[in-house]
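Shown next: run.txt, containing compact mmCIF, C-alpha atoms.
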# COMPACT_ATOMS: atom_id res chain seq x y z
CA MET V 1 -10.23 -29.97 -11.56
CA ASP V 2 -8.82 -29.09 -8.13
CA ARG V 3 -6.37 -31.99 -7.78
CA VAL V 4 -4.04 -34.03 -9.95
CA ASP V 5 -5.51 -37.39 -10.90
CA PRO V 6 -3.07 -39.08 -13.33
CA ASP V 7 -5.74 -41.43 -14.70
CA ALA V 8 -8.23 -38.59 -15.30
CA VAL V 9 -5.49 -36.49 -16.88
CA ALA V 10 -4.46 -39.30 -19.19
CA ALA V 11 -8.07 -39.99 -20.21
CA ALA V 12 -8.77 -36.31 -20.89
CA ARG V 13 -5.61 -35.85 -22.95
CA ALA V 14 -6.29 -39.03 -24.91
CA ALA V 15 -9.78 -37.74 -25.70
CA GLY V 16 -8.39 -34.32 -26.65
CA ARG V 17 -10.39 -32.52 -23.96
CA PRO V 18 -8.89 -29.29 -22.58
CA LEU V 19 -7.87 -29.37 -18.92
CA TRP V 20 -8.03 -26.54 -16.39
CA VAL V 21 -6.49 -27.51 -13.03
CA ASP V 22 -6.55 -25.09 -10.08
CA LEU V 23 -4.46 -26.33 -7.14
CA MET V 24 -4.93 -24.55 -3.81
CA ARG V 25 -2.12 -25.16 -1.30
CA PRO V 26 -0.96 -28.39 -2.99
CA SER V 27 1.29 -30.79 -1.14
CA GLU V 28 4.82 -31.60 -2.29
CA ASP V 29 3.56 -34.88 -3.74
CA GLU V 30 0.83 -33.13 -5.73
CA ILE V 31 3.29 -30.67 -7.23
CA LEU V 32 5.69 -33.44 -8.14
CA ALA V 33 2.80 -35.31 -9.73
CA LEU V 34 2.38 -32.41 -12.16
CA GLY V 35 5.61 -33.33 -13.87
CA GLU V 36 4.62 -36.95 -14.19
CA ALA V 37 1.03 -36.30 -15.33
CA PHE V 38 1.70 -33.50 -17.81
CA GLY V 39 5.37 -33.97 -18.63
CA PHE V 40 6.38 -30.54 -17.30
CA HIS V 41 10.08 -29.74 -17.11
CA PRO V 42 11.69 -30.56 -13.73
CA LEU V 43 12.93 -26.96 -13.38
CA ALA V 44 9.40 -25.65 -13.87
CA VAL V 45 8.06 -28.09 -11.30
CA GLU V 46 10.82 -27.03 -8.90
CA ASP V 47 9.89 -23.36 -9.39
CA ALA V 48 6.26 -24.15 -8.65
CA ARG V 49 7.27 -25.43 -5.22
CA HIS V 50 8.82 -22.12 -4.13
CA PHE V 51 6.82 -18.94 -3.59
CA GLY V 52 8.19 -15.45 -3.08
CA GLN V 53 9.41 -15.08 -6.67
CA ARG V 54 9.18 -12.05 -8.93
CA PRO V 55 6.82 -12.19 -11.95
CA LYS V 56 8.50 -14.10 -14.76
CA LEU V 57 7.91 -16.18 -17.87
CA GLU V 58 9.91 -19.32 -18.66
CA ASP V 59 9.70 -21.10 -22.02
CA TYR V 60 10.18 -24.89 -22.02
CA ASP V 61 9.49 -25.51 -25.72
CA ASP V 62 6.15 -27.30 -25.44
CA HIS V 63 4.91 -25.48 -22.33
CA LEU V 64 5.28 -22.21 -20.42
CA PHE V 65 5.71 -21.48 -16.73
CA VAL V 66 4.41 -18.08 -15.57
CA VAL V 67 4.62 -16.34 -12.21
CA ALA V 68 2.13 -13.48 -11.80
CA TYR V 69 0.51 -11.53 -8.98
CA GLY V 70 -2.97 -10.33 -8.12
CA TYR V 71 -4.49 -8.42 -5.22
CA ASP V 72 -6.87 -9.86 -2.67
CA ASP V 73 -9.11 -7.12 -1.29
CA SER V 74 -10.32 -9.11 1.72
CA ARG V 75 -6.77 -9.49 3.08
CA ASP V 76 -5.31 -6.32 1.54
CA ALA V 77 -2.36 -8.32 0.21
CA LEU V 78 -0.65 -9.32 -3.01
CA VAL V 79 -1.15 -12.98 -3.98
CA GLU V 80 1.40 -14.95 -5.97
CA VAL V 81 0.06 -17.30 -8.66
CA HIS V 82 2.00 -19.89 -10.70
CA CYS V 83 0.67 -21.07 -14.05
CA PHE V 84 1.63 -23.87 -16.44
CA LEU V 85 0.37 -23.55 -20.01
CA ALA V 86 0.63 -26.41 -22.52
CA SER V 87 -1.45 -27.51 -25.46
CA GLY V 88 -4.95 -27.97 -24.06
CA VAL V 89 -3.71 -27.64 -20.47
CA LEU V 90 -3.73 -24.80 -17.93
CA VAL V 91 -2.55 -25.54 -14.39
CA ILE V 92 -2.78 -22.91 -11.65
CA VAL V 93 -0.84 -23.31 -8.40
CA ARG V 94 -1.47 -20.94 -5.50
CA ARG V 95 -1.22 -20.89 -1.73
CA ALA V 96 -3.89 -18.30 -0.95
CA ALA V 97 -7.41 -17.58 -2.09
CA ILE V 98 -7.96 -14.58 -4.34
CA ASP V 99 -11.39 -13.30 -5.27
CA ALA V 100 -10.33 -12.54 -8.87
CA LEU V 101 -9.57 -16.19 -9.68
CA ASP V 102 -12.58 -17.47 -7.76
CA ALA V 103 -14.83 -15.16 -9.79
CA LEU V 104 -13.09 -16.25 -12.99
CA ASP V 105 -13.68 -19.89 -12.13
CA ALA V 106 -17.37 -19.22 -11.47
CA ARG V 107 -17.75 -17.47 -14.84
CA ALA V 108 -15.89 -20.24 -16.64
CA ARG V 109 -18.20 -22.86 -15.17
CA ARG V 110 -21.23 -20.99 -16.52
CA ARG V 111 -19.89 -19.93 -19.93
CA GLY V 112 -17.24 -22.53 -20.67
CA ARG V 113 -13.51 -22.34 -20.13
CA PRO V 114 -11.26 -20.64 -22.67
CA GLU V 115 -8.51 -22.72 -24.21
CA GLY V 116 -4.86 -22.27 -25.13
CA ALA V 117 -3.43 -18.77 -24.96
CA MET V 118 -6.85 -17.32 -24.12
CA ALA V 119 -6.96 -19.41 -20.96
CA LEU V 120 -3.71 -17.79 -19.80
CA HIS V 121 -5.07 -14.40 -20.90
CA ALA V 122 -8.17 -14.92 -18.76
CA VAL V 123 -6.02 -15.57 -15.68
CA LEU V 124 -3.66 -12.64 -16.30
CA ASP V 125 -6.56 -10.32 -17.09
CA ALA V 126 -8.34 -11.25 -13.85
CA LEU V 127 -5.16 -10.74 -11.83
CA THR V 128 -4.52 -7.39 -13.51
CA ASP V 129 -8.07 -6.21 -12.81
CA SER V 130 -7.53 -7.06 -9.14
CA LEU V 131 -4.36 -4.95 -9.12
CA GLY V 132 -6.43 -2.10 -10.54
CA ALA V 133 -8.89 -2.50 -7.66
CA MET V 134 -5.93 -2.04 -5.29
CA LEU V 135 -5.55 1.53 -6.59
CA SER V 136 -9.10 2.35 -5.49
CA ASP V 137 -8.36 1.08 -1.98
CA VAL V 138 -5.18 3.14 -1.82
CA ASP V 139 -7.08 6.22 -3.07
CA ALA V 140 -9.51 5.95 -0.17
CA GLU V 141 -6.71 5.40 2.33
CA ILE V 142 -4.72 8.43 1.14
CA ALA V 143 -7.89 10.58 1.21
CA SER V 144 -8.28 9.75 4.90
CA PHE V 145 -4.65 10.73 5.48
CA ASP V 146 -5.31 14.36 4.51
CA ASP V 147 -7.72 14.96 7.40
CA ARG V 148 -5.46 13.13 9.81
CA ALA V 149 -2.46 15.18 8.68
CA LEU V 150 -4.28 18.48 9.24
CA ALA V 151 -5.30 17.24 12.69
CA GLY V 152 -1.66 16.43 13.50
CA ASP V 153 -2.30 12.71 14.09
CA ARG V 154 0.91 11.34 15.62
CA ALA V 155 0.19 7.79 14.39
CA LEU V 156 -0.09 8.95 10.79
CA GLN V 157 3.65 8.90 10.07
CA GLY V 158 3.80 5.15 10.73
CA ALA V 159 0.76 4.56 8.52
CA ILE V 160 2.35 6.58 5.69
CA LEU V 161 5.59 4.61 5.89
CA ALA V 162 3.70 1.29 5.89
CA LEU V 163 1.66 2.31 2.84
CA ARG V 164 4.76 3.58 1.07
CA ARG V 165 6.42 0.17 1.52
CA ARG V 166 3.32 -1.53 0.13
CA LEU V 167 3.33 0.76 -2.89
CA VAL V 168 7.02 0.11 -3.52
CA ASP V 169 6.42 -3.66 -3.40
CA ALA V 170 3.41 -3.33 -5.71
CA SER V 171 5.37 -1.16 -8.14
CA ARG V 172 8.13 -3.76 -8.37
CA VAL V 173 5.58 -6.50 -9.04
CA VAL V 174 3.72 -4.50 -11.68
CA ALA V 175 6.94 -3.47 -13.46
CA ALA V 176 8.07 -7.10 -13.73
CA GLN V 177 4.59 -8.25 -14.76
CA VAL V 178 4.56 -5.66 -17.56
CA ASP V 179 7.64 -7.36 -19.02
CA VAL V 180 5.98 -10.78 -18.78
CA VAL V 181 2.86 -9.68 -20.66
CA ALA V 182 4.95 -7.72 -23.18
CA ARG V 183 6.67 -10.94 -24.22
CA LEU V 184 3.29 -12.58 -24.72
CA SER V 185 1.71 -9.66 -26.56
CA GLY V 186 4.66 -9.33 -28.93
CA GLY V 187 4.40 -12.85 -30.27
CA LEU V 188 7.98 -13.59 -29.23
CA LEU V 189 7.15 -17.04 -27.83
CA PRO V 190 5.52 -20.12 -29.38
CA VAL V 191 2.47 -19.99 -27.10
CA PRO V 192 -0.22 -22.60 -27.83
CA GLY V 193 -3.14 -20.93 -29.58
CA LEU V 194 -1.46 -17.51 -29.69
CA ASP V 195 -2.62 -15.88 -32.93
CA ARG V 196 -2.83 -12.22 -33.92
CA ASP V 197 -6.24 -11.83 -32.32
CA ALA V 198 -5.01 -13.33 -29.04
CA GLU V 199 -2.04 -10.97 -29.11
CA ARG V 200 -4.47 -8.04 -29.14
CA TYR V 201 -5.99 -9.29 -25.90
CA PHE V 202 -2.57 -9.55 -24.28
CA ARG V 203 -1.74 -6.03 -25.47
CA ASP V 204 -4.87 -4.83 -23.70
CA VAL V 205 -3.62 -6.42 -20.46
CA HIS V 206 -0.21 -4.86 -21.07
CA ASP V 207 -1.77 -1.41 -21.45
CA HIS V 208 -3.80 -1.91 -18.27
CA LEU V 209 -0.65 -2.84 -16.34
CA LEU V 210 1.12 0.28 -17.60
CA ARG V 211 -1.76 2.43 -16.34
CA ILE V 212 -1.63 0.71 -12.97
CA GLY V 213 2.12 1.31 -12.76
CA GLY V 214 1.58 5.00 -13.50
CA GLY V 215 -1.14 5.13 -10.84
CA LEU V 216 1.18 3.62 -8.24
CA ASP V 217 3.83 6.24 -9.04
CA GLY V 218 1.19 8.95 -8.68
CA HIS V 219 0.12 7.60 -5.30
CA ARG V 220 3.69 7.71 -4.04
CA GLU V 221 3.85 11.37 -5.02
CA LEU V 222 0.58 11.97 -3.16
CA LEU V 223 2.08 10.36 -0.07
CA THR V 224 5.00 12.76 -0.33
CA GLY V 225 2.51 15.63 -0.34
CA VAL V 226 0.68 14.22 2.69
CA THR V 227 4.01 13.92 4.50
CA GLY V 228 4.65 17.59 3.75
CA VAL V 229 1.24 18.54 5.16
CA LEU V 230 1.92 16.47 8.28
CA LEU V 231 5.31 18.11 8.81
CA ALA V 232 3.77 21.56 8.30
CA ALA V 233 1.01 20.80 10.81
CA SER V 234 3.59 19.54 13.32
CA SER V 235 5.70 22.65 12.75
CA ASN V 236 2.67 24.90 13.26
CA ALA V 237 1.76 23.08 16.47
CA LEU V 238 5.33 23.46 17.71
CA GLY V 239 5.26 27.17 16.81
CA ASP V 240 2.01 27.67 18.73
CA ALA V 241 3.42 25.91 21.77
CA THR V 242 6.61 27.97 21.58
CA LYS V 243 4.59 31.18 21.31
CA GLN V 244 2.48 30.26 24.34
CA LEU V 245 5.53 29.43 26.42
CA THR V 246 7.19 32.68 25.33
CA VAL V 247 4.14 34.70 26.39
CA ILE V 248 4.06 32.98 29.78
CA ALA V 249 7.77 33.56 30.31
CA THR V 250 7.45 37.21 29.24
CA VAL V 251 4.56 37.81 31.64
CA PHE V 252 6.39 36.28 34.57
CA LEU V 253 9.68 38.11 33.89
CA PRO V 254 8.53 41.55 35.21
CA LEU V 255 6.63 39.82 38.00
CA SER V 256 9.82 38.15 39.09
CA PHE V 257 11.55 41.56 38.99
CA VAL V 258 8.85 43.18 41.15
CA ALA V 259 8.93 40.29 43.62
CA GLY V 260 12.70 40.51 43.76
CA PHE V 261 12.58 44.29 44.21
CA PHE V 262 10.17 44.10 47.11
CA GLY V 263 12.16 41.28 48.59
CA GLN V 264 15.21 43.54 49.06
CA ASN V 265 13.77 44.98 52.32
CA PHE V 266 14.70 48.66 51.75
CA PRO V 267 14.06 50.77 54.88
CA TRP V 268 11.41 52.87 53.04
CA LEU V 269 9.50 49.76 52.06
CA VAL V 270 9.68 48.39 55.60
CA ASP V 271 8.48 51.68 57.09
CA HIS V 272 5.66 52.44 54.62
CA ILE V 273 4.25 49.04 53.74
CA GLY V 274 3.04 47.71 57.00
CA GLY V 275 -0.68 47.08 56.51
CA PRO V 276 -2.90 45.05 54.27
CA LEU V 277 -3.97 47.97 52.03
CA PRO V 278 -0.45 49.06 50.99
CA PHE V 279 0.50 45.41 50.52
CA LEU V 280 -2.46 44.73 48.22
CA THR V 281 -2.01 48.02 46.34
CA LEU V 282 1.75 48.13 45.83
CA GLY V 283 2.53 44.42 46.07
CA VAL V 284 -0.26 42.36 44.52
CA GLY V 285 -1.88 45.22 42.57
CA THR V 286 1.35 46.20 40.82
CA GLN V 287 1.95 42.65 39.59
CA VAL V 288 -1.64 42.23 38.40
CA ALA V 289 -1.48 45.55 36.54
CA ILE V 290 1.81 44.61 34.86
CA ALA V 291 0.47 41.20 33.75
CA ALA V 292 -2.78 42.73 32.44
CA GLY V 293 -0.88 45.44 30.61
CA LEU V 294 1.39 42.91 28.92
CA VAL V 295 -1.55 40.77 27.79
CA VAL V 296 -3.34 43.83 26.34
CA TRP V 297 -0.17 44.91 24.55
CA PHE V 298 0.42 41.39 23.12
CA ARG V 299 -3.12 41.27 21.78
CA ARG V 300 -2.83 44.66 20.11
CA ARG V 301 0.37 43.51 18.46
CA GLY V 302 -1.35 40.28 17.31
CA TRP V 303 1.04 38.03 19.21
CA VAL V 304 -1.72 36.22 21.12

Please go through the file and, once you have read it, give me the structure as structure tokens.
Amino acid sequence: MDRVDPDAVAAARAAGRPLWVDLMRPSEDEILALGEAFGFHPLAVEDARHFGQRPKLEDYDDHLFVVAYGYDDSRDALVEVHCFLASGVLVIVRRAAIDALDALDARARRRGRPEGAMALHAVLDALTDSLGAMLSDVDAEIASFDDRALAGDRALQGAILALRRRLVDASRVVAAQVDVVARLSGGLLPVPGLDRDAERYFRDVHDHLLRIGGGLDGHRELLTGVTGVLLAASSNALGDATKQLTVIATVFLPLSFVAGFFGQNFPWLVDHIGGPLPFLTLGVGTQVAIAAGLVVWFRRRGWV
């Protein structure tokens, strides 16, 4: 069901049929209708209206309200999902499409929808798997950073900072989501249909989230290493430029001295350098010989 129909809801609940409602970008009226159709707590309905929350789990005696996140590969973004779980009822509220839930819905249509706590597990498991896929995308992105860092790509620093912010945001989401699933896997709440077997499934999701959190921490350390490589490459490039400028300045220093010496107009120079041959030999030739000698010396010393 992709919309709230009070009559259909009442008929299904009277017949004891489980309900799975997935609302995409619902209007204010549709969200408010949730409270009337299913008897959800006003505070839970109010929370469902506002996105931008951290993952959390609220217990309202006969139903739960859960905020969780998944990752949408097509938009490279985290997607916030709100869930209501009551006896025989699962309601999903979201503002953006996410492949993980769309694939889950397609499987549920073919194989039948899970009920009770296992319905919530199916949603959280799909969202967690999508967060795991995010790690693969980040792996590929960081791998491309290594080559760019060695090449001294000037735009790389901005890309590293942007990815670091994304990883920090993802780490915060995963850490909070670990706490949410931990409460479910520990049997601390009266969740409909939550037996010992269902708790095992939630523990599996909890373990998966812990691995994802560790992977995100590892990726942040890798980014620190890439930043070090980038700084080293920039430092090497600066050192090469400094060395080249130093060589040029060193070559031109004696040439400036020779030019200044000949420019003093000593009587001997005026009397003996009066034709093209002495000018080319003592004037131009001396400077060329000095420059060539300096270059040969630098190369023997390994400076150039």

Identify the residues within 6 Å of coordinate (6.6, -28.2, -13.6) (same frame as the file), considering only C-alpha atoms, and give the answer as a list of chain:residue names.
-> V:Gly35, V:Phe40, V:His41, V:Pro42, V:Ala44, V:Val45

Centre, x/y/z edge lengths, axis-aligned box for region 156-171 of chain V with 3 Å per side, as JSON:
{"center_x": 3.5, "center_y": 2.6, "center_z": 1.3, "size_x": 13.1, "size_y": 18.6, "size_z": 24.9}

One decimal, Å: what's the distance from CA of Leu294 (chain V) over to CA of Thr250 (chain V), could you say?
->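 CA of Thr250 (chain V) lies 8.3 Å from CA of Leu294 (chain V).
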
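What separates CA of Leu184 (chain V) from CA of Leu85 (chain V) is a distance of 12.3 Å.
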
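Here CA of Gly116 (chain V) and CA of Pro18 (chain V) stand 8.5 Å from one another.
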
Enumerate, in order of chain and increasing residue number, the residues of region 115-169 of chain V with an atom no farther than 12 Å from region 63-74 of chain V, each with its shortest atom pair and distance in Å to one decimal, counting all atoms listed in the file, as JSON lines.
{"residue": "V:Gly116", "atom": "CA", "partner": "V:His63", "partner_atom": "CA", "distance": 10.7}
{"residue": "V:Ala117", "atom": "CA", "partner": "V:Leu64", "partner_atom": "CA", "distance": 10.4}
{"residue": "V:Leu120", "atom": "CA", "partner": "V:Val66", "partner_atom": "CA", "distance": 9.2}
{"residue": "V:His121", "atom": "CA", "partner": "V:Val66", "partner_atom": "CA", "distance": 11.5}
{"residue": "V:Val123", "atom": "CA", "partner": "V:Ala68", "partner_atom": "CA", "distance": 9.3}
{"residue": "V:Leu124", "atom": "CA", "partner": "V:Ala68", "partner_atom": "CA", "distance": 7.4}
{"residue": "V:Asp125", "atom": "CA", "partner": "V:Gly70", "partner_atom": "CA", "distance": 9.7}
{"residue": "V:Ala126", "atom": "CA", "partner": "V:Gly70", "partner_atom": "CA", "distance": 7.9}
{"residue": "V:Leu127", "atom": "CA", "partner": "V:Gly70", "partner_atom": "CA", "distance": 4.3}
{"residue": "V:Thr128", "atom": "CA", "partner": "V:Gly70", "partner_atom": "CA", "distance": 6.3}
{"residue": "V:Asp129", "atom": "CA", "partner": "V:Gly70", "partner_atom": "CA", "distance": 8.1}
{"residue": "V:Ser130", "atom": "CA", "partner": "V:Tyr71", "partner_atom": "CA", "distance": 5.1}
{"residue": "V:Leu131", "atom": "CA", "partner": "V:Tyr71", "partner_atom": "CA", "distance": 5.2}
{"residue": "V:Gly132", "atom": "CA", "partner": "V:Tyr71", "partner_atom": "CA", "distance": 8.5}
{"residue": "V:Ala133", "atom": "CA", "partner": "V:Tyr71", "partner_atom": "CA", "distance": 7.8}
{"residue": "V:Met134", "atom": "CA", "partner": "V:Tyr71", "partner_atom": "CA", "distance": 6.5}
{"residue": "V:Leu135", "atom": "CA", "partner": "V:Tyr71", "partner_atom": "CA", "distance": 10.1}
{"residue": "V:Ser136", "atom": "CA", "partner": "V:Asp73", "partner_atom": "CA", "distance": 10.4}
{"residue": "V:Asp137", "atom": "CA", "partner": "V:Asp73", "partner_atom": "CA", "distance": 8.3}
{"residue": "V:Val138", "atom": "CA", "partner": "V:Asp73", "partner_atom": "CA", "distance": 11.0}
{"residue": "V:Arg166", "atom": "CA", "partner": "V:Tyr71", "partner_atom": "CA", "distance": 11.7}
{"residue": "V:Asp169", "atom": "CA", "partner": "V:Tyr69", "partner_atom": "CA", "distance": 11.3}

Suppose we keep C-alpha atoms; can you now write the selection as a PDB file, keeping the file's coordinate frame?
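Wrote result03.pdb, looks like this:
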ATOM      1  CA  GLY V 116      -4.860 -22.270 -25.130  1.00  0.00           C
ATOM      2  CA  ALA V 117      -3.430 -18.770 -24.960  1.00  0.00           C
ATOM      3  CA  LEU V 120      -3.710 -17.790 -19.800  1.00  0.00           C
ATOM      4  CA  HIS V 121      -5.070 -14.400 -20.900  1.00  0.00           C
ATOM      5  CA  VAL V 123      -6.020 -15.570 -15.680  1.00  0.00           C
ATOM      6  CA  LEU V 124      -3.660 -12.640 -16.300  1.00  0.00           C
ATOM      7  CA  ASP V 125      -6.560 -10.320 -17.090  1.00  0.00           C
ATOM      8  CA  ALA V 126      -8.340 -11.250 -13.850  1.00  0.00           C
ATOM      9  CA  LEU V 127      -5.160 -10.740 -11.830  1.00  0.00           C
ATOM     10  CA  THR V 128      -4.520  -7.390 -13.510  1.00  0.00           C
ATOM     11  CA  ASP V 129      -8.070  -6.210 -12.810  1.00  0.00           C
ATOM     12  CA  SER V 130      -7.530  -7.060  -9.140  1.00  0.00           C
ATOM     13  CA  LEU V 131      -4.360  -4.950  -9.120  1.00  0.00           C
ATOM     14  CA  GLY V 132      -6.430  -2.100 -10.540  1.00  0.00           C
ATOM     15  CA  ALA V 133      -8.890  -2.500  -7.660  1.00  0.00           C
ATOM     16  CA  MET V 134      -5.930  -2.040  -5.290  1.00  0.00           C
ATOM     17  CA  LEU V 135      -5.550   1.530  -6.590  1.00  0.00           C
ATOM     18  CA  SER V 136      -9.100   2.350  -5.490  1.00  0.00           C
ATOM     19  CA  ASP V 137      -8.360   1.080  -1.980  1.00  0.00           C
ATOM     20  CA  VAL V 138      -5.180   3.140  -1.820  1.00  0.00           C
ATOM     21  CA  ARG V 166       3.320  -1.530   0.130  1.00  0.00           C
ATOM     22  CA  ASP V 169       6.420  -3.660  -3.400  1.00  0.00           C
TER      23      ASP V 169
END

Find the residue from V:Asp22, V:Asp29, V:Asp179, V:Asp105 that sits nearest to Phe84 (chain V); use only C-alpha atoms when measuring.
->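 The closest residue to Phe84 (chain V) is V:Asp22.
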
Find the residue from V:Val91, V:Leu101, V:Ile248, V:Phe298 that sits nearest to Val79 (chain V); use all atoms listed in the file when measuring.
->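 Nearest candidate to Val79 (chain V) out of V:Val91, V:Leu101, V:Ile248, V:Phe298: V:Leu101.
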
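Of the residues under consideration (V:Gly158, V:Pro278, V:Pro254, V:Pro55), V:Pro55 shows the shortest atom-to-atom contact distance to Arg172 (chain V) when counting all atoms listed in the file.
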
For Val93 (chain V), work out the shell of residues within 8 Å, counting all atoms listed in the file and skipping chain neighbours fewer than 6 positions away, then give it as a list in words.
->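 So the residues in contact are Asp22, Leu23, Met24, Arg25, Pro26, Ala48, Val81, His82 and Cys83 of chain V.
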
Mind checking which residues fall within 10 Å of Trp20 (chain V), counting only C-alpha atoms, ignoring those fewer than 4 positions away in the same chain, and posting them as a ChimeraX atom specification?
-> /V:1-2,85,88-92,105,113-115,119

Hey, can you pull every residue with an atom no more than 8 Å from (10.8, -10.1, -8.5), using all atoms listed in the file, and send it as a PyMOL selection string?
-> chain V and resi 53-56+172-173+176

Go through V:Gly285, V:Gly218, V:Gly186, V:Gly112 and flag the residue nearest Ile142 (chain V), using all atoms listed in the file for the distances.
->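 Comparing V:Gly285, V:Gly218, V:Gly186, V:Gly112 against Ile142 (chain V), the winner is V:Gly218.
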
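Nearest to Leu78 (chain V) of all the residues V:Leu34, V:Ala249, V:Leu156, V:Ile98 is V:Ile98, counting all atoms listed in the file.
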
Who sits within 8 Å of His219 (chain V), all atoms listed in the file, same chain under 2 positions skipped, as a PyMOL selection string | chain V and resi 138-139+167+215-217+221-223

Could region 98-116 of chain V be completed with N, CA and C atoms and written as an mmCIF file, keeping the file's coordinate frame, please?
data_model
loop_
_atom_site.group_PDB
_atom_site.id
_atom_site.type_symbol
_atom_site.label_atom_id
_atom_site.label_comp_id
_atom_site.auth_asym_id
_atom_site.auth_seq_id
_atom_site.Cartn_x
_atom_site.Cartn_y
_atom_site.Cartn_z
ATOM 1 N N ILE V 98 -7.892 -15.923 -3.759
ATOM 2 C CA ILE V 98 -7.960 -14.580 -4.340
ATOM 3 C C ILE V 98 -9.278 -14.464 -5.067
ATOM 4 N N ASP V 99 -10.038 -13.437 -4.742
ATOM 5 C CA ASP V 99 -11.390 -13.300 -5.270
ATOM 6 C C ASP V 99 -11.395 -13.261 -6.800
ATOM 7 N N ALA V 100 -10.359 -12.672 -7.409
ATOM 8 C CA ALA V 100 -10.330 -12.540 -8.870
ATOM 9 C C ALA V 100 -10.374 -13.898 -9.553
ATOM 10 N N LEU V 101 -9.583 -14.855 -9.058
ATOM 11 C CA LEU V 101 -9.570 -16.190 -9.680
ATOM 12 C C LEU V 101 -10.822 -16.974 -9.327
ATOM 13 N N ASP V 102 -11.341 -16.780 -8.117
ATOM 14 C CA ASP V 102 -12.580 -17.470 -7.760
ATOM 15 C C ASP V 102 -13.733 -16.999 -8.641
ATOM 16 N N ALA V 103 -13.783 -15.687 -8.904
ATOM 17 C CA ALA V 103 -14.830 -15.160 -9.790
ATOM 18 C C ALA V 103 -14.636 -15.652 -11.215
ATOM 19 N N LEU V 104 -13.379 -15.729 -11.652
ATOM 20 C CA LEU V 104 -13.090 -16.250 -12.990
ATOM 21 C C LEU V 104 -13.541 -17.697 -13.116
ATOM 22 N N ASP V 105 -13.274 -18.487 -12.097
ATOM 23 C CA ASP V 105 -13.680 -19.890 -12.130
ATOM 24 C C ASP V 105 -15.195 -20.024 -12.202
ATOM 25 N N ALA V 106 -15.902 -19.165 -11.442
ATOM 26 C CA ALA V 106 -17.370 -19.220 -11.470
ATOM 27 C C ALA V 106 -17.903 -18.856 -12.858
ATOM 28 N N ARG V 107 -17.309 -17.836 -13.496
ATOM 29 C CA ARG V 107 -17.750 -17.470 -14.840
ATOM 30 C C ARG V 107 -17.452 -18.567 -15.846
ATOM 31 N N ALA V 108 -16.270 -19.192 -15.700
ATOM 32 C CA ALA V 108 -15.890 -20.240 -16.640
ATOM 33 C C ALA V 108 -16.807 -21.449 -16.530
ATOM 34 N N ARG V 109 -17.294 -21.731 -15.329
ATOM 35 C CA ARG V 109 -18.200 -22.860 -15.170
ATOM 36 C C ARG V 109 -19.535 -22.593 -15.868
ATOM 37 N N ARG V 110 -19.948 -21.328 -15.886
ATOM 38 C CA ARG V 110 -21.230 -20.990 -16.520
ATOM 39 C C ARG V 110 -21.103 -20.888 -18.026
ATOM 40 N N ARG V 111 -20.002 -20.263 -18.508
ATOM 41 C CA ARG V 111 -19.890 -19.930 -19.930
ATOM 42 C C ARG V 111 -18.946 -20.840 -20.698
ATOM 43 N N GLY V 112 -18.238 -21.695 -20.004
ATOM 44 C CA GLY V 112 -17.240 -22.530 -20.670
ATOM 45 C C GLY V 112 -15.861 -21.930 -20.510
ATOM 46 N N ARG V 113 -14.877 -22.796 -20.378
ATOM 47 C CA ARG V 113 -13.510 -22.340 -20.130
ATOM 48 C C ARG V 113 -12.809 -22.033 -21.444
ATOM 49 N N PRO V 114 -12.064 -20.918 -21.469
ATOM 50 C CA PRO V 114 -11.260 -20.640 -22.670
ATOM 51 C C PRO V 114 -10.122 -21.639 -22.785
ATOM 52 N N GLU V 115 -9.573 -21.750 -23.968
ATOM 53 C CA GLU V 115 -8.510 -22.720 -24.210
ATOM 54 C C GLU V 115 -7.251 -22.019 -24.705
ATOM 55 N N GLY V 116 -6.131 -22.738 -24.576
ATOM 56 C CA GLY V 116 -4.860 -22.270 -25.130
ATOM 57 C C GLY V 116 -4.438 -20.939 -24.540
#
